[in-house]
Amino acid sequence: MASTTSRLAKVRARLDLPTVRRASGLLEGRHRSIYSGHGQDFDEMAEYQFGDDVSDIDWKASASYGLPVIRRFVRDSNLAMVVAVDTGRNMAATAPDGGPKTEIAMFAAEVVCFLARSRGDTVALVAGDSERIVQIPARGGTEHIETLLRRVEAMFELEAPASDLNRVLDRVLTWFNRRSLVVLITDEARPQPEHELALKRLRTRHEVMVVQVGDAVPTMFGDQPIDDVDVHLEIPEYMRSDKALAAEAREVAERRREDVRTLLRRQDVQGVVATSEDQLIDALIDLLRRQRRVRH
Amino acid sequence: MTSTLLHGWAIPVVIGGVVVALVLGWFARSARQERRRVTWVANAAYLTRLPSFRARLSRYRVLLLGLAVVLVGASVVTGILNARPVDKETRSEELATRDIVLCLDVSGSMIEYDTEIVERFLELLPSFHGERIALSIFNSTSRTVFPLTDDYTLVEEQLTEAAEALDFDVDSLDDWSYDPAALDRLLHFLAGTEGMGQDASSLVGDGLATCAMAFDLNDEERSRSIILATDNEVFGDPLYTTTEAAELVTERDITLHGFYAGEVTSTSAAQEKEYQDAVEANGGLFFASDDPEAVEGIIDQITAQQAVDLDADPDVIITDRPEEYYPWLVVALGLYLVAVWRLRS
């Protein structure tokens, strides 16, 4: 199918080669970390970076090198990656760059899938909201990934049901026994405290990464009428483009982001906020770099 | 003169129109809101809970309330203006062409009646529009207090002064109980009416003839009349007899109305007869009364007769009086525009 190739090809076009290499390399490291215990085949020495398991540090090598150095191992087999997507209508709202959040979310899914495919990993999908849940079992191959991505894209719409992250997280938990890398794609207000328990449970069995798609601050649209996808907002023209209100809204949004960050840190989950497609690539690479070994 | 609204029904009509426009506008607005594209955002429910949002919202509501008040006010004022606020006045243009000379005998016995006549004319003064009035007093000689004029300020001033001066109880001279200041005022007012010999008094014919000469604007078509008040008790040697003077008056196309208030003496009946004949021969009205209170009715009768003679249809004169309401409309519209501008930004 022409469109199948074009989707991943598009991603490839967006990513220049060094970036891809770097990103897939990082993802590889990430994958390796999913194993309990280390791989058998030593691959390379690498500089220690914040987030690496301290027990990986090769002290002798570090002493001779002058900086902390860790040992890396060749991975043994293909891994399963689970793309868990929040498909609530909140994902079809507006992103900070003015475009739809859907595009950023799709791009995040595409990049993750692209990297997985380029390594030959299998990719599974769990996408859902308060009314729908879609799951696609883990398989490899371009065709499968394309189908999966199209499926997700079809679910993103303004008329979609409200978000329910717990259903998605619970489904991932009950469905995948094998230790996997779960990439959760949601928005910047989630996971909220009510999702913490499900996240915690998921965390015991899988490695979890969260990609949060940023939300537009509702006061950034000036005189344009706005509305919330979940709660109807009656905002008369007089209330729009008020500087004090905008500052306060920004502050609240920042505080909420900080709350989510705190929650993720508490659950030892790496998260990244994507505010635009361009920023997403850097953010993802940054996220992968911050990889750590699973605690045993 | 009454202030009234010519089309009172316009007020509810305008207010009803504004209400209908508001209702239509409301529906048009909700229809437009459905059509227009909103920018959808997510997780923004906190916006309405922000303190500055609430503060601004209450300010917005106050502005809206003010706007509603201003709108109601502007509607009411518009309604009033549409209802045509007018001053309605019933006025006869014909009566306004009258020239009236008050010709008052100021001999002692007549002073009380003179006061009543002057006071009645003071009362009638506000209804005058173009009428000209003169006051001439006489005893043995005549004094023109003021000539024919429509300067009502002057007329009112002079008539007031005359009424005050003439309001003097002549009987109090006998027992010395009078107020010297009042007497001074009277004497000052009467100055110039007693010359030409000490034994002459109430030279009615001469006085009347002087009054007949008081009319001017002979080439204009005006109604000319003299209101003469006298007891016709002549002492001395007049140049004109009462009858001759009345003829002179008639010659000059002037209507003479007579008011007689003489004491009953041996000659009074003849004097009254002469006077009555002189007046009625020329088509004037003659009144005899010893009651000063009757003067008011008499003058009204004279006025009514003049209206009949002049074929004066009373016209209703309508004067628009919007000036009282326009500033309110301007202020209301100004406030409305400012409020709308504030609401829009």
# chains A, B, ... in the order shown; residues from 1 in each chain; ligands from 1

$ interface_residues --of "chain B" --to "chain A" --cutoff "8 Å" --atoms "only C-alpha atoms" --output "ChimeraX atom specification"
/B:37-45,47-48,50,52-53,56-57,60,342-345

$ residues_around --residues "Glu296 in chain B" --least-positions-apart "4" --cutoff "12 Å" --atoms "only C-alpha atoms" --output "PDB file with N, CA and C atoms, in the first residue's frame"
ATOM      1  N   TYR B 113     -61.786 100.321  43.237  1.00  0.00           N
ATOM      2  CA  TYR B 113     -62.111  99.601  41.995  1.00  0.00           C
ATOM      3  C   TYR B 113     -60.912  99.551  41.059  1.00  0.00           C
ATOM      4  N   ASP B 114     -60.184 100.660  41.049  1.00  0.00           N
ATOM      5  CA  ASP B 114     -58.975 100.692  40.217  1.00  0.00           C
ATOM      6  C   ASP B 114     -58.027  99.564  40.605  1.00  0.00           C
ATOM      7  N   THR B 115     -57.895  99.384  41.926  1.00  0.00           N
ATOM      8  CA  THR B 115     -57.010  98.321  42.404  1.00  0.00           C
ATOM      9  C   THR B 115     -57.439  96.974  41.834  1.00  0.00           C
ATOM     10  N   GLU B 116     -58.745  96.708  41.880  1.00  0.00           N
ATOM     11  CA  GLU B 116     -59.254  95.427  41.380  1.00  0.00           C
ATOM     12  C   GLU B 116     -58.964  95.257  39.887  1.00  0.00           C
ATOM     13  N   ILE B 117     -59.187  96.328  39.143  1.00  0.00           N
ATOM     14  CA  ILE B 117     -58.953  96.245  37.683  1.00  0.00           C
ATOM     15  C   ILE B 117     -57.492  95.958  37.395  1.00  0.00           C
ATOM     16  N   VAL B 118     -56.621  96.703  38.069  1.00  0.00           N
ATOM     17  CA  VAL B 118     -55.178  96.529  37.834  1.00  0.00           C
ATOM     18  C   VAL B 118     -54.762  95.114  38.209  1.00  0.00           C
ATOM     19  N   GLU B 119     -55.296  94.641  39.339  1.00  0.00           N
ATOM     20  CA  GLU B 119     -54.901  93.304  39.780  1.00  0.00           C
ATOM     21  C   GLU B 119     -55.399  92.235  38.809  1.00  0.00           C
ATOM     22  N   ARG B 120     -56.604  92.459  38.297  1.00  0.00           N
ATOM     23  CA  ARG B 120     -57.141  91.472  37.342  1.00  0.00           C
ATOM     24  C   ARG B 120     -56.279  91.427  36.078  1.00  0.00           C
ATOM     25  N   PHE B 121     -55.848  92.599  35.641  1.00  0.00           N
ATOM     26  CA  PHE B 121     -54.999  92.616  34.450  1.00  0.00           C
ATOM     27  C   PHE B 121     -53.630  91.993  34.724  1.00  0.00           C
ATOM     28  N   LEU B 122     -53.195  92.153  35.966  1.00  0.00           N
ATOM     29  CA  LEU B 122     -51.941  91.479  36.337  1.00  0.00           C
ATOM     30  C   LEU B 122     -52.105  89.962  36.186  1.00  0.00           C
ATOM     31  N   GLU B 123     -53.305  89.482  36.591  1.00  0.00           N
ATOM     32  CA  GLU B 123     -53.543  88.044  36.501  1.00  0.00           C
ATOM     33  C   GLU B 123     -53.642  87.587  35.047  1.00  0.00           C
ATOM     34  N   LEU B 124     -54.227  88.441  34.221  1.00  0.00           N
ATOM     35  CA  LEU B 124     -54.416  88.064  32.812  1.00  0.00           C
ATOM     36  C   LEU B 124     -53.117  88.139  32.021  1.00  0.00           C
ATOM     37  N   PHE B 259     -67.169 101.070  33.181  1.00  0.00           N
ATOM     38  CA  PHE B 259     -67.432 100.501  34.492  1.00  0.00           C
ATOM     39  C   PHE B 259     -67.796 101.641  35.422  1.00  0.00           C
ATOM     40  N   PHE B 287     -71.076  98.382  32.725  1.00  0.00           N
ATOM     41  CA  PHE B 287     -71.308  97.653  33.974  1.00  0.00           C
ATOM     42  C   PHE B 287     -71.399  98.654  35.096  1.00  0.00           C
ATOM     43  N   SER B 289     -71.606  98.583  39.275  1.00  0.00           N
ATOM     44  CA  SER B 289     -71.532  97.727  40.455  1.00  0.00           C
ATOM     45  C   SER B 289     -70.915  98.521  41.585  1.00  0.00           C
ATOM     46  N   ASP B 291     -69.736  96.721  44.027  1.00  0.00           N
ATOM     47  CA  ASP B 291     -68.920  95.689  44.681  1.00  0.00           C
ATOM     48  C   ASP B 291     -67.602  95.542  43.928  1.00  0.00           C
ATOM     49  N   PRO B 292     -66.504  95.905  44.565  1.00  0.00           N
ATOM     50  CA  PRO B 292     -65.210  95.788  43.866  1.00  0.00           C
ATOM     51  C   PRO B 292     -64.918  94.353  43.410  1.00  0.00           C
ATOM     52  N   ASP B 300     -63.624  89.621  32.532  1.00  0.00           N
ATOM     53  CA  ASP B 300     -63.728  88.379  31.760  1.00  0.00           C
ATOM     54  C   ASP B 300     -64.825  88.498  30.709  1.00  0.00           C
ATOM     55  N   GLN B 301     -65.935  89.151  31.098  1.00  0.00           N
ATOM     56  CA  GLN B 301     -67.021  89.346  30.124  1.00  0.00           C
ATOM     57  C   GLN B 301     -66.560  90.205  28.961  1.00  0.00           C
ATOM     58  N   ILE B 302     -65.792  91.225  29.293  1.00  0.00           N
ATOM     59  CA  ILE B 302     -65.281  92.099  28.231  1.00  0.00           C
ATOM     60  C   ILE B 302     -64.400  91.292  27.276  1.00  0.00           C
ATOM     61  N   THR B 303     -63.541  90.470  27.872  1.00  0.00           N
ATOM     62  CA  THR B 303     -62.638  89.652  27.046  1.00  0.00           C
ATOM     63  C   THR B 303     -63.435  88.694  26.164  1.00  0.00           C
TER      64      THR B 303
END

$ residues_around --residues "Phe286 in chain B" --least-positions-apart "4" --cutoff "8 Å" --atoms "only C-alpha atoms" --output "NGL selection string"
:B and (257-260 or 276 or 279-280)

$ residues_around --residues "Val86 in chain B" --least-positions-apart "6" --cutoff "9 Å" --atoms "only C-alpha atoms" --output "list in words"
Thr2, Ser3, Thr4, Leu5, Leu6, Ile318, Thr319, Asp320, Arg321 and Pro322 of chain B

$ write_last_selection --atoms "N, CA and C atoms" --output "JSON list (two decimals), in the first residue's frame"
[["chain", "number", "residue", "atom", "x", "y", "z"],
["B", 2, "THR", "N", -50.06, 73.66, 28.69],
["B", 2, "THR", "CA", -49.81, 72.38, 29.36],
["B", 2, "THR", "C", -48.75, 71.59, 28.61],
["B", 3, "SER", "N", -47.91, 70.91, 29.38],
["B", 3, "SER", "CA", -46.91, 70.03, 28.77],
["B", 3, "SER", "C", -47.53, 68.65, 28.68],
["B", 4, "THR", "N", -47.43, 68.07, 27.50],
["B", 4, "THR", "CA", -48.05, 66.76, 27.32],
["B", 4, "THR", "C", -47.31, 65.99, 26.23],
["B", 5, "LEU", "N", -47.63, 64.71, 26.11],
["B", 5, "LEU", "CA", -47.06, 63.89, 25.05],
["B", 5, "LEU", "C", -48.11, 63.73, 23.96],
["B", 6, "LEU", "N", -47.74, 64.07, 22.74],
["B", 6, "LEU", "CA", -48.71, 64.07, 21.66],
["B", 6, "LEU", "C", -49.10, 62.64, 21.29],
["B", 318, "ILE", "N", -49.10, 74.17, 19.24],
["B", 318, "ILE", "CA", -48.29, 73.06, 19.76],
["B", 318, "ILE", "C", -46.83, 73.38, 19.55],
["B", 319, "THR", "N", -46.09, 73.39, 20.62],
["B", 319, "THR", "CA", -44.67, 73.67, 20.53],
["B", 319, "THR", "C", -43.92, 72.41, 20.96],
["B", 320, "ASP", "N", -43.06, 71.91, 20.09],
["B", 320, "ASP", "CA", -42.26, 70.73, 20.46],
["B", 320, "ASP", "C", -41.26, 71.11, 21.54],
["B", 321, "ARG", "N", -41.18, 70.25, 22.53],
["B", 321, "ARG", "CA", -40.24, 70.52, 23.63],
["B", 321, "ARG", "C", -39.30, 69.32, 23.83],
["B", 322, "PRO", "N", -38.50, 68.99, 22.80],
["B", 322, "PRO", "CA", -37.64, 67.81, 22.98],
["B", 322, "PRO", "C", -36.35, 68.13, 23.74]]

$ atom_distance --atom1 "CA of Gln49 in chain A" --atom2 "CA of Ala116 in chain A"
22.6 Å

$ select_by_dssp --residues "range 28-246 of chain B" --states "strand (DSSP E)" --output "compact mmCIF listing (two decimals) with N, CA and C atoms, in the first residue's frame"
# COMPACT_ATOMS: atom_id res chain seq x y z
N THR B 39 -12.21 27.49 18.73
CA THR B 39 -10.95 26.76 18.87
C THR B 39 -11.11 25.84 20.07
N TRP B 40 -10.93 24.55 19.80
CA TRP B 40 -11.13 23.60 20.90
C TRP B 40 -9.84 23.44 21.69
N VAL B 41 -9.98 23.55 22.99
CA VAL B 41 -8.85 23.28 23.86
C VAL B 41 -9.26 22.19 24.84
N PRO B 85 -42.94 65.18 23.00
CA PRO B 85 -43.28 66.04 24.12
C PRO B 85 -43.56 67.46 23.61
N VAL B 86 -44.74 67.99 23.93
CA VAL B 86 -45.10 69.31 23.41
C VAL B 86 -45.69 70.17 24.52
N ASP B 87 -45.61 71.45 24.29
CA ASP B 87 -46.39 72.38 25.11
C ASP B 87 -47.62 72.73 24.29
N LYS B 88 -48.77 72.46 24.89
CA LYS B 88 -50.02 72.77 24.18
C LYS B 88 -50.55 74.08 24.73
N GLU B 89 -50.95 74.93 23.83
CA GLU B 89 -51.39 76.23 24.28
C GLU B 89 -52.58 76.64 23.44
N THR B 90 -53.62 77.06 24.12
CA THR B 90 -54.77 77.54 23.40
C THR B 90 -54.65 79.05 23.31
N ARG B 91 -54.53 79.52 22.09
CA ARG B 91 -54.27 80.95 21.94
C ARG B 91 -55.05 81.43 20.72
N ARG B 98 -55.18 92.76 20.13
CA ARG B 98 -55.89 93.77 20.90
C ARG B 98 -54.95 94.84 21.46
N ASP B 99 -55.42 96.03 21.41
CA ASP B 99 -54.77 97.13 22.14
C ASP B 99 -55.76 97.57 23.21
N ILE B 100 -55.36 97.51 24.43
CA ILE B 100 -56.28 97.85 25.52
C ILE B 100 -55.68 99.00 26.32
N VAL B 101 -56.46 100.06 26.45
CA VAL B 101 -56.01 101.15 27.33
C VAL B 101 -56.87 101.13 28.57
N LEU B 102 -56.21 100.99 29.69
CA LEU B 102 -56.95 101.06 30.97
C LEU B 102 -57.02 102.52 31.35
N CYS B 103 -58.21 103.00 31.42
CA CYS B 103 -58.41 104.42 31.64
C CYS B 103 -59.08 104.56 33.00
N LEU B 104 -58.31 104.86 34.01
CA LEU B 104 -58.83 104.77 35.38
C LEU B 104 -58.97 106.14 36.01
N ASP B 105 -60.16 106.36 36.52
CA ASP B 105 -60.43 107.56 37.31
C ASP B 105 -59.86 107.33 38.70
N ARG B 132 -51.39 94.49 23.37
CA ARG B 132 -50.66 95.64 23.93
C ARG B 132 -51.56 96.31 24.95
N ILE B 133 -50.98 96.83 25.94
CA ILE B 133 -51.76 97.37 27.03
C ILE B 133 -51.13 98.69 27.48
N ALA B 134 -52.00 99.62 27.88
CA ALA B 134 -51.52 100.90 28.39
C ALA B 134 -52.30 101.25 29.64
N LEU B 135 -51.71 102.04 30.48
CA LEU B 135 -52.41 102.47 31.69
C LEU B 135 -52.38 104.01 31.75
N SER B 136 -53.56 104.54 31.82
CA SER B 136 -53.65 105.99 31.92
C SER B 136 -54.56 106.32 33.11
N ILE B 137 -54.11 107.19 33.96
CA ILE B 137 -54.96 107.56 35.10
C ILE B 137 -55.28 109.04 35.00
N PHE B 138 -56.43 109.39 35.49
CA PHE B 138 -56.80 110.81 35.43
C PHE B 138 -57.62 111.21 36.65
N SER B 142 -54.64 114.18 33.14
CA SER B 142 -54.31 112.78 32.88
C SER B 142 -52.81 112.53 33.04
N ARG B 143 -52.52 111.34 33.48
CA ARG B 143 -51.11 110.93 33.47
C ARG B 143 -51.06 109.55 32.82
N THR B 144 -50.19 109.45 31.83
CA THR B 144 -49.99 108.13 31.21
C THR B 144 -48.93 107.40 32.02
N VAL B 145 -49.35 106.36 32.71
CA VAL B 145 -48.38 105.61 33.54
C VAL B 145 -47.41 104.88 32.62
N PHE B 146 -47.99 104.16 31.62
CA PHE B 146 -47.13 103.61 30.55
C PHE B 146 -47.96 103.56 29.28
N PRO B 147 -47.36 103.82 28.15
CA PRO B 147 -48.11 103.82 26.89
C PRO B 147 -48.34 102.39 26.40
N LEU B 148 -49.03 102.24 25.30
CA LEU B 148 -49.31 100.93 24.74
C LEU B 148 -48.00 100.16 24.49
N THR B 149 -47.93 99.02 25.05
CA THR B 149 -46.69 98.25 24.88
C THR B 149 -46.96 96.77 25.07
N SER B 223 -57.47 95.51 17.07
CA SER B 223 -58.66 95.74 17.87
C SER B 223 -58.30 96.73 18.97
N ARG B 224 -59.03 97.82 19.03
CA ARG B 224 -58.69 98.87 19.99
C ARG B 224 -59.83 99.03 20.99
N SER B 225 -59.49 99.04 22.22
CA SER B 225 -60.54 99.22 23.22
C SER B 225 -60.01 99.98 24.44
N ILE B 226 -60.96 100.64 25.08
CA ILE B 226 -60.64 101.37 26.32
C ILE B 226 -61.50 100.78 27.41
N ILE B 227 -60.90 100.49 28.51
CA ILE B 227 -61.70 100.10 29.68
C ILE B 227 -61.66 101.28 30.63
N LEU B 228 -62.80 101.89 30.74
CA LEU B 228 -62.91 103.12 31.53
C LEU B 228 -63.58 102.81 32.85
N ALA B 229 -62.98 103.26 33.92
CA ALA B 229 -63.60 103.09 35.22
C ALA B 229 -63.76 104.47 35.85
N THR B 230 -64.98 104.83 36.08
CA THR B 230 -65.19 106.17 36.67
C THR B 230 -66.56 106.22 37.35

$ atom_distance --atom1 "CA of Trp328 in chain B" --atom2 "CA of Leu81 in chain B"
10.6 Å
